[in-house]
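One file, data-v6.txt, is given below (compact mmCIF, C-alpha atoms and all ligand atoms).
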# COMPACT_ATOMS: atom_id res chain seq x y z
CA MET A 1 9.70 24.26 24.90
CA ALA A 2 8.02 21.70 22.61
CA THR A 3 8.88 18.03 23.23
CA PHE A 4 10.02 15.80 20.41
CA ILE A 5 10.54 12.07 20.80
CA VAL A 6 12.52 10.28 18.11
CA LEU A 7 11.88 6.53 17.86
CA LEU A 8 14.96 4.76 16.56
CA GLY A 9 15.15 1.13 15.55
CA PRO A 10 15.30 -1.25 12.60
CA PRO A 11 12.37 -1.86 10.22
CA GLY A 12 9.87 -4.30 11.71
CA VAL A 13 10.82 -3.74 15.35
CA GLY A 14 7.46 -2.14 16.16
CA LYS A 15 8.21 1.60 16.02
CA GLY A 16 4.91 2.38 14.31
CA THR A 17 2.84 0.39 16.81
CA GLN A 18 4.60 1.99 19.77
CA ALA A 19 4.42 5.45 18.20
CA GLU A 20 0.61 5.16 17.94
CA ILE A 21 0.39 4.16 21.63
CA LEU A 22 2.83 6.87 22.77
CA ALA A 23 0.98 9.53 20.78
CA ASP A 24 -2.28 8.44 22.44
CA THR A 25 -0.74 8.55 25.91
CA THR A 26 1.24 11.78 25.57
CA LYS A 27 -1.27 13.56 23.28
CA LEU A 28 1.63 14.54 21.03
CA ALA A 29 1.19 14.24 17.25
CA HIS A 30 2.38 11.02 15.58
CA VAL A 31 4.56 11.94 12.61
CA SER A 32 5.58 8.95 10.50
CA SER A 33 7.67 9.69 7.42
CA GLY A 34 6.71 6.30 5.91
CA ASP A 35 2.98 7.06 6.40
CA LEU A 36 3.45 10.49 4.80
CA PHE A 37 5.11 8.91 1.77
CA ARG A 38 2.36 6.27 1.54
CA GLU A 39 -0.30 8.99 1.76
CA ASN A 40 1.40 10.83 -1.12
CA LEU A 41 1.51 7.59 -3.06
CA LYS A 42 -2.20 7.00 -2.51
CA ASN A 43 -2.96 10.54 -3.71
CA GLN A 44 -0.65 10.12 -6.72
CA THR A 45 1.31 13.31 -5.98
CA ASP A 46 4.69 13.98 -7.62
CA LEU A 47 6.35 13.35 -4.26
CA GLY A 48 4.50 10.02 -3.97
CA LYS A 49 5.61 8.93 -7.45
CA LEU A 50 9.21 9.86 -6.71
CA ALA A 51 9.17 8.12 -3.32
CA LYS A 52 7.69 4.91 -4.75
CA SER A 53 10.75 4.17 -6.87
CA PHE A 54 12.93 4.16 -3.73
CA MET A 55 10.45 2.52 -1.38
CA ASP A 56 9.85 -0.44 -3.72
CA LYS A 57 13.57 -1.20 -3.67
CA GLY A 58 13.83 -0.84 0.11
CA GLU A 59 16.05 2.23 -0.33
CA LEU A 60 15.80 5.63 1.32
CA VAL A 61 14.07 8.53 -0.38
CA PRO A 62 16.63 11.35 -0.93
CA ASP A 63 17.29 13.59 2.07
CA ASP A 64 16.22 16.90 0.50
CA VAL A 65 12.66 15.83 -0.34
CA THR A 66 12.27 13.92 2.93
CA ILE A 67 13.45 16.88 4.98
CA SER A 68 11.14 19.36 3.27
CA MET A 69 8.16 17.01 3.68
CA ILE A 70 8.86 16.71 7.43
CA ARG A 71 9.45 20.45 7.80
CA GLU A 72 6.03 21.12 6.31
CA ARG A 73 4.42 18.51 8.60
CA LEU A 74 6.08 19.83 11.78
CA SER A 75 5.00 23.38 11.01
CA ARG A 76 1.31 22.41 11.30
CA PRO A 77 -0.58 23.48 14.45
CA ASP A 78 -0.96 19.95 15.87
CA CYS A 79 2.84 19.80 16.35
CA GLU A 80 3.04 22.98 18.40
CA ALA A 81 3.50 21.03 21.66
CA GLY A 82 5.82 18.55 19.95
CA ALA A 83 5.59 15.17 18.20
CA ILE A 84 6.52 11.51 18.21
CA LEU A 85 8.83 11.07 15.22
CA ASP A 86 8.60 7.61 13.69
CA GLY A 87 11.01 6.83 10.84
CA PHE A 88 12.63 10.26 10.76
CA PRO A 89 15.51 11.06 11.00
CA ARG A 90 17.09 8.11 9.22
CA THR A 91 20.46 9.63 8.17
CA PRO A 92 22.95 11.98 9.88
CA ALA A 93 21.99 14.75 7.38
CA GLN A 94 18.33 14.39 8.40
CA ALA A 95 19.28 14.52 12.10
CA ASP A 96 21.23 17.74 11.53
CA ALA A 97 18.31 19.22 9.58
CA LEU A 98 15.93 18.26 12.40
CA GLU A 99 18.14 20.00 14.93
CA LYS A 100 18.00 23.22 12.90
CA MET A 101 14.23 22.97 12.35
CA LEU A 102 13.56 22.44 16.04
CA ALA A 103 15.67 25.43 17.01
CA GLU A 104 13.35 27.43 14.79
CA PHE A 105 10.17 25.78 16.17
CA GLN A 106 11.32 26.29 19.81
CA GLY A 107 11.56 22.58 20.39
CA ARG A 108 14.14 19.96 21.16
CA VAL A 109 14.64 16.21 21.06
CA ASP A 110 14.19 15.16 24.69
CA TYR A 111 14.06 11.42 24.47
CA VAL A 112 15.27 8.87 21.90
CA PRO A 113 14.18 5.30 22.61
CA PHE A 114 16.32 2.90 20.59
CA ILE A 115 14.19 -0.22 20.16
CA ASN A 116 16.17 -3.20 18.96
CA ALA A 117 15.67 -6.91 18.21
CA ALA A 118 17.39 -9.76 16.35
CA GLU A 119 17.04 -9.85 12.56
CA ALA A 120 14.94 -13.06 12.53
CA ILE A 121 12.33 -11.34 14.72
CA LEU A 122 12.28 -8.26 12.46
CA VAL A 123 11.65 -10.31 9.33
CA GLU A 124 8.88 -12.31 11.04
CA ARG A 125 7.19 -9.14 12.29
CA ALA A 126 7.41 -7.14 9.08
CA SER A 127 6.35 -10.00 6.83
CA GLY A 128 3.25 -10.73 8.96
CA ARG A 129 2.22 -7.09 9.16
CA TRP A 130 -1.09 -5.78 7.81
CA THR A 131 -1.69 -2.05 7.47
CA CYS A 132 -4.94 -0.10 7.33
CA ARG A 133 -5.60 1.57 4.01
CA ALA A 134 -7.23 4.71 5.47
CA GLN A 135 -4.92 5.72 8.29
CA GLY A 136 -2.04 3.27 8.54
CA HIS A 137 -3.12 1.47 11.74
CA ILE A 138 -0.96 -1.61 12.18
CA TYR A 139 -1.85 -5.28 12.81
CA HIS A 140 0.05 -8.55 12.80
CA GLN A 141 -1.46 -11.83 11.64
CA LYS A 142 0.06 -13.69 14.61
CA PHE A 143 0.88 -11.12 17.32
CA GLY A 144 -1.96 -8.62 16.98
CA PRO A 145 -4.70 -9.69 14.55
CA PRO A 146 -7.72 -7.46 13.92
CA LYS A 147 -11.08 -8.54 15.40
CA ARG A 148 -12.51 -9.06 11.89
CA THR A 149 -10.34 -10.54 9.12
CA ASN A 150 -8.83 -7.83 6.91
CA ILE A 151 -10.81 -4.98 8.54
CA CYS A 152 -9.27 -2.23 10.69
CA ASP A 153 -10.66 -2.24 14.28
CA VAL A 154 -10.34 1.55 14.49
CA ASP A 155 -11.86 2.87 11.27
CA GLY A 156 -13.32 -0.18 9.47
CA SER A 157 -11.16 0.26 6.37
CA GLU A 158 -9.51 -2.56 4.44
CA LEU A 159 -6.16 -3.96 5.59
CA TYR A 160 -3.40 -4.59 3.05
CA GLN A 161 0.12 -5.93 3.04
CA ARG A 162 2.74 -3.32 2.16
CA ASP A 163 4.77 -4.19 -0.97
CA ASP A 164 7.97 -3.45 0.92
CA ASP A 165 7.07 -5.92 3.70
CA LYS A 166 8.00 -8.85 1.43
CA VAL A 167 10.87 -10.90 2.90
CA GLU A 168 13.47 -9.83 0.26
CA THR A 169 12.65 -6.15 0.63
CA VAL A 170 12.64 -6.33 4.44
CA SER A 171 16.18 -7.79 4.34
CA LYS A 172 17.29 -4.95 2.04
CA ARG A 173 15.67 -2.37 4.36
CA ILE A 174 17.53 -3.84 7.34
CA LYS A 175 20.82 -3.59 5.41
CA VAL A 176 20.10 0.05 4.50
CA TYR A 177 19.18 0.73 8.13
CA LEU A 178 22.48 -0.74 9.39
CA GLU A 179 24.51 1.34 6.94
CA GLN A 180 22.67 4.66 7.04
CA THR A 181 20.63 4.89 10.25
CA MET A 182 22.82 3.09 12.82
CA PRO A 183 25.19 6.10 13.10
CA LEU A 184 22.27 7.99 14.70
CA VAL A 185 22.44 5.71 17.75
CA GLU A 186 25.87 7.16 18.55
CA TYR A 187 24.72 10.67 17.56
CA TYR A 188 21.91 10.66 20.14
CA ARG A 189 23.91 8.73 22.73
CA GLN A 190 26.45 11.56 22.73
CA LYS A 191 23.65 14.04 23.31
CA GLY A 192 22.63 12.04 26.41
CA VAL A 193 19.04 11.37 25.25
CA LEU A 194 19.31 7.76 24.07
CA VAL A 195 17.54 4.98 26.01
CA GLY A 196 17.98 1.35 24.88
CA ILE A 197 14.76 -0.73 24.84
CA ASP A 198 14.57 -4.48 24.21
CA GLY A 199 12.17 -4.79 21.27
CA SER A 200 11.97 -8.59 21.33
CA GLN A 201 9.31 -8.48 24.07
CA THR A 202 5.54 -8.23 23.64
CA VAL A 203 3.89 -4.95 22.56
CA GLU A 204 2.66 -4.36 26.15
CA GLN A 205 6.08 -4.99 27.69
CA VAL A 206 7.82 -2.65 25.25
CA THR A 207 5.21 0.07 25.93
CA GLU A 208 5.74 -0.30 29.67
CA LYS A 209 9.52 0.15 29.28
CA LEU A 210 9.03 3.15 26.99
CA LEU A 211 6.64 4.87 29.37
CA SER A 212 8.72 4.24 32.47
CA ALA A 213 11.84 5.61 30.75
CA LEU A 214 9.79 8.60 29.58
CA LYS A 215 8.70 9.42 33.14
CA LYS A 216 12.33 9.59 34.25
P1 LIG B 1 8.68 2.99 7.06
O1 LIG B 1 7.20 3.00 7.00
O2 LIG B 1 9.23 3.88 8.12
O3 LIG B 1 9.24 1.59 7.14
O4 LIG B 1 9.21 3.59 5.67
C1 LIG B 1 8.91 2.97 4.43
C2 LIG B 1 9.85 3.50 3.35
O5 LIG B 1 9.67 4.91 3.19
C3 LIG B 1 11.34 3.35 3.64
O6 LIG B 1 11.82 2.06 3.31
C4 LIG B 1 11.93 4.44 2.75
O7 LIG B 1 11.94 4.07 1.40
C5 LIG B 1 10.90 5.56 2.93
N1 LIG B 1 11.24 6.43 4.09
C6 LIG B 1 10.55 6.54 5.25
N2 LIG B 1 11.14 7.43 6.07
C7 LIG B 1 12.25 7.88 5.43
C8 LIG B 1 13.28 8.78 5.76
N3 LIG B 1 13.32 9.41 6.95
N4 LIG B 1 14.26 8.99 4.85
C9 LIG B 1 14.24 8.38 3.66
N5 LIG B 1 13.32 7.50 3.28
C10 LIG B 1 12.31 7.23 4.15

Reformat the file's structure so that it appears as C-alpha cells.
Amino acid sequence: MATFIVLLGPPGVGKGTQAEILADTTKLAHVSSGDLFRENLKNQTDLGKLAKSFMDKGELVPDDVTISMIRERLSRPDCEAGAILDGFPRTPAQADALEKMLAEFQGRVDYVPFINAAEAILVERASGRWTCRAQGHIYHQKFGPPKRTNICDVDGSELYQRDDDKVETVSKRIKVYLEQTMPLVEYYRQKGVLVGIDGSQTVEQVTEKLLSALKK
C-alpha cells in the first residue's frame, strides 16, 4: 500500500520547507500544488494563466482544475510508493477527491501533521521568504538565508520573492485558509491520522517532531 502524507497548516508555517526535508528522508515524492501552479505560470500554460488570477488575490484556484492537476501528478511513476502532499488538499471537496484517487492508486493517507503557529509568526515568515526560480527551494532572509545573496544553494538559480508573499496577500491567504482549509483538521482528526505539531519552533525542532511522530 502506497504511503501518502498530507501536510496541513496555514500559509507561512513552513510546510514547504518541511516537505522538502521529509521527502529527502522518506524518499517519497514531494508534491506541492503551489509549486505546480507556479511551474505552469512560468511555462505560460492555460492552467498557469487561469491560476494566476486567483493566486494574485490570495484566493484558491477552483477545485476541478486543482484536482485534475494533482491526479495527473500522482499518476506519475515517482509517486508509486506514495508522496508528501504539500498544499493539497485545501478544501473538503479536494480531500474527498483525494480519497477516491488513492483508492484507485492503492494508497492511503497514513499521517497528517497539522503544523500551526500564531498569525504574527506566519506573516513574518512568509514576507521574509525567498524562493528559487528553478525548483522552488525555500530560504528566509532571517531564519535560513542562502550562502550567497539571492542564489539558491542547491541549484545556483536566482531567488525571487513571490508576489503573493506580500503582507496584504499573506493576510488574505490566512483568512482563506481559516475559512476553507481549517475544516480538514477535523476531517483528518476523525480518521485518526492527525498529529498536532507546534510550528513556532525552529526548522530543526519541527523536523524532529515530525520524524518522531512518523516513526510511531
Ligand atoms: P502555496 O504555495 O501552497 O502557498 O500556494 C500558492 C497559491 O496557489 C495559493 O494561494 C492558491 O492560490 C494556489 N493553490 C495552491 N494549492 C491549492 C489548492 N490545493 N487548491 C486551490 N488553490 C491552491

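When CA of Tyr139 in chain A is paired with CA of Glu204 in chain A, their separation reads 14.1 Å.
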
d(CA of Gly128 in chain A, CA of Thr149 in chain A) in Å: 13.6 Å

Could you please give me, as a short mmCIF file (atom, residue, chain, number, x, y, z; two decimals) with C-alpha atoms, in the coordinates of the input, the residues of protein, DNA or RNA lying at most 7 Å from (17.0, -0.1, 13.4) in the coordinate frame of the file, considering all atoms listed in the file?
data_model
loop_
_atom_site.label_atom_id
_atom_site.label_comp_id
_atom_site.auth_asym_id
_atom_site.auth_seq_id
_atom_site.Cartn_x
_atom_site.Cartn_y
_atom_site.Cartn_z
CA LEU A 8 14.96 4.76 16.56
CA GLY A 9 15.15 1.13 15.55
CA PRO A 10 15.30 -1.25 12.60
CA PRO A 11 12.37 -1.86 10.22
CA ASN A 116 16.17 -3.20 18.96
CA TYR A 177 19.18 0.73 8.13
CA LEU A 178 22.48 -0.74 9.39
CA THR A 181 20.63 4.89 10.25
CA MET A 182 22.82 3.09 12.82
#

Option closest in space to Gln94 in chain A, from A:Pro77, A:Gly16, A:Pro145, A:Pro62 [counting only C-alpha atoms]: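 Counting only C-alpha atoms, the residue closest to Gln94 in chain A is A:Pro62.
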
Contacts with ligand LIG 1 (chain B) at most 8 Å, only C-alpha atoms and all ligand atoms counted, listed as a count of residues only: 32

Residue nearest Met1 in chain A - candidates A:Ile197, A:Ile151, A:Ala93, A:Cys79, atoms counted: only C-alpha atoms: A:Cys79

Residue neighbourhood Glu158 in chain A, 8 Å, all atoms listed in the file, exclusion window fewer than 3 positions, as a ChimeraX atom specification: /A:132-134,150-152

Pick from A:Val65, A:Gly136, A:Thr26, A:Leu98, whichever lies nearest to Glu39 in chain A using only C-alpha atoms: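 Comparing A:Val65, A:Gly136, A:Thr26, A:Leu98 against Glu39 in chain A, the winner is A:Gly136.
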
Separation of CA of Gln161 in chain A from CA of His30 in chain A in Å: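 For CA of His30 in chain A relative to CA of Gln161 in chain A, the distance reads 21.2 Å.
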
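Using only C-alpha atoms, the nearest neighbour of Asp163 in chain A within the list A:Thr3, A:Asn40, A:Ser127, A:Gln201 is A:Ser127.
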
Residues within 9 Å of Asp198 in chain A, all atoms listed in the file, excluding chain neighbours under 3 positions, as JSON, numbers by chain: {"A": [114, 115, 116, 117, 201, 206, 209]}

Residues within 12 Å of (6.7, 6.4, 19.0), file coords, all atoms listed in the file, listed as a VMD selection string: chain A and resid 4 to 9 13 to 32 83 to 88 111 to 115 206 to 207 210 to 211 214

Residue with smallest distance to Gly192 in chain A - pool A:Ala2, A:Ile70, A:Ala103, A:Val109, counting only C-alpha atoms: A:Val109

Option closest in space to Lys216 in chain A, from A:Asp110, A:Ser200, A:Leu41, A:Ala120 [counting all atoms listed in the file]: A:Asp110

Who sits within 8 Å of Phe105 in chain A, only C-alpha atoms, same chain under 2 positions skipped, as a list in words: Ala2, Ser75, Glu80, Met101, Leu102, Ala103 and Gly107 of chain A
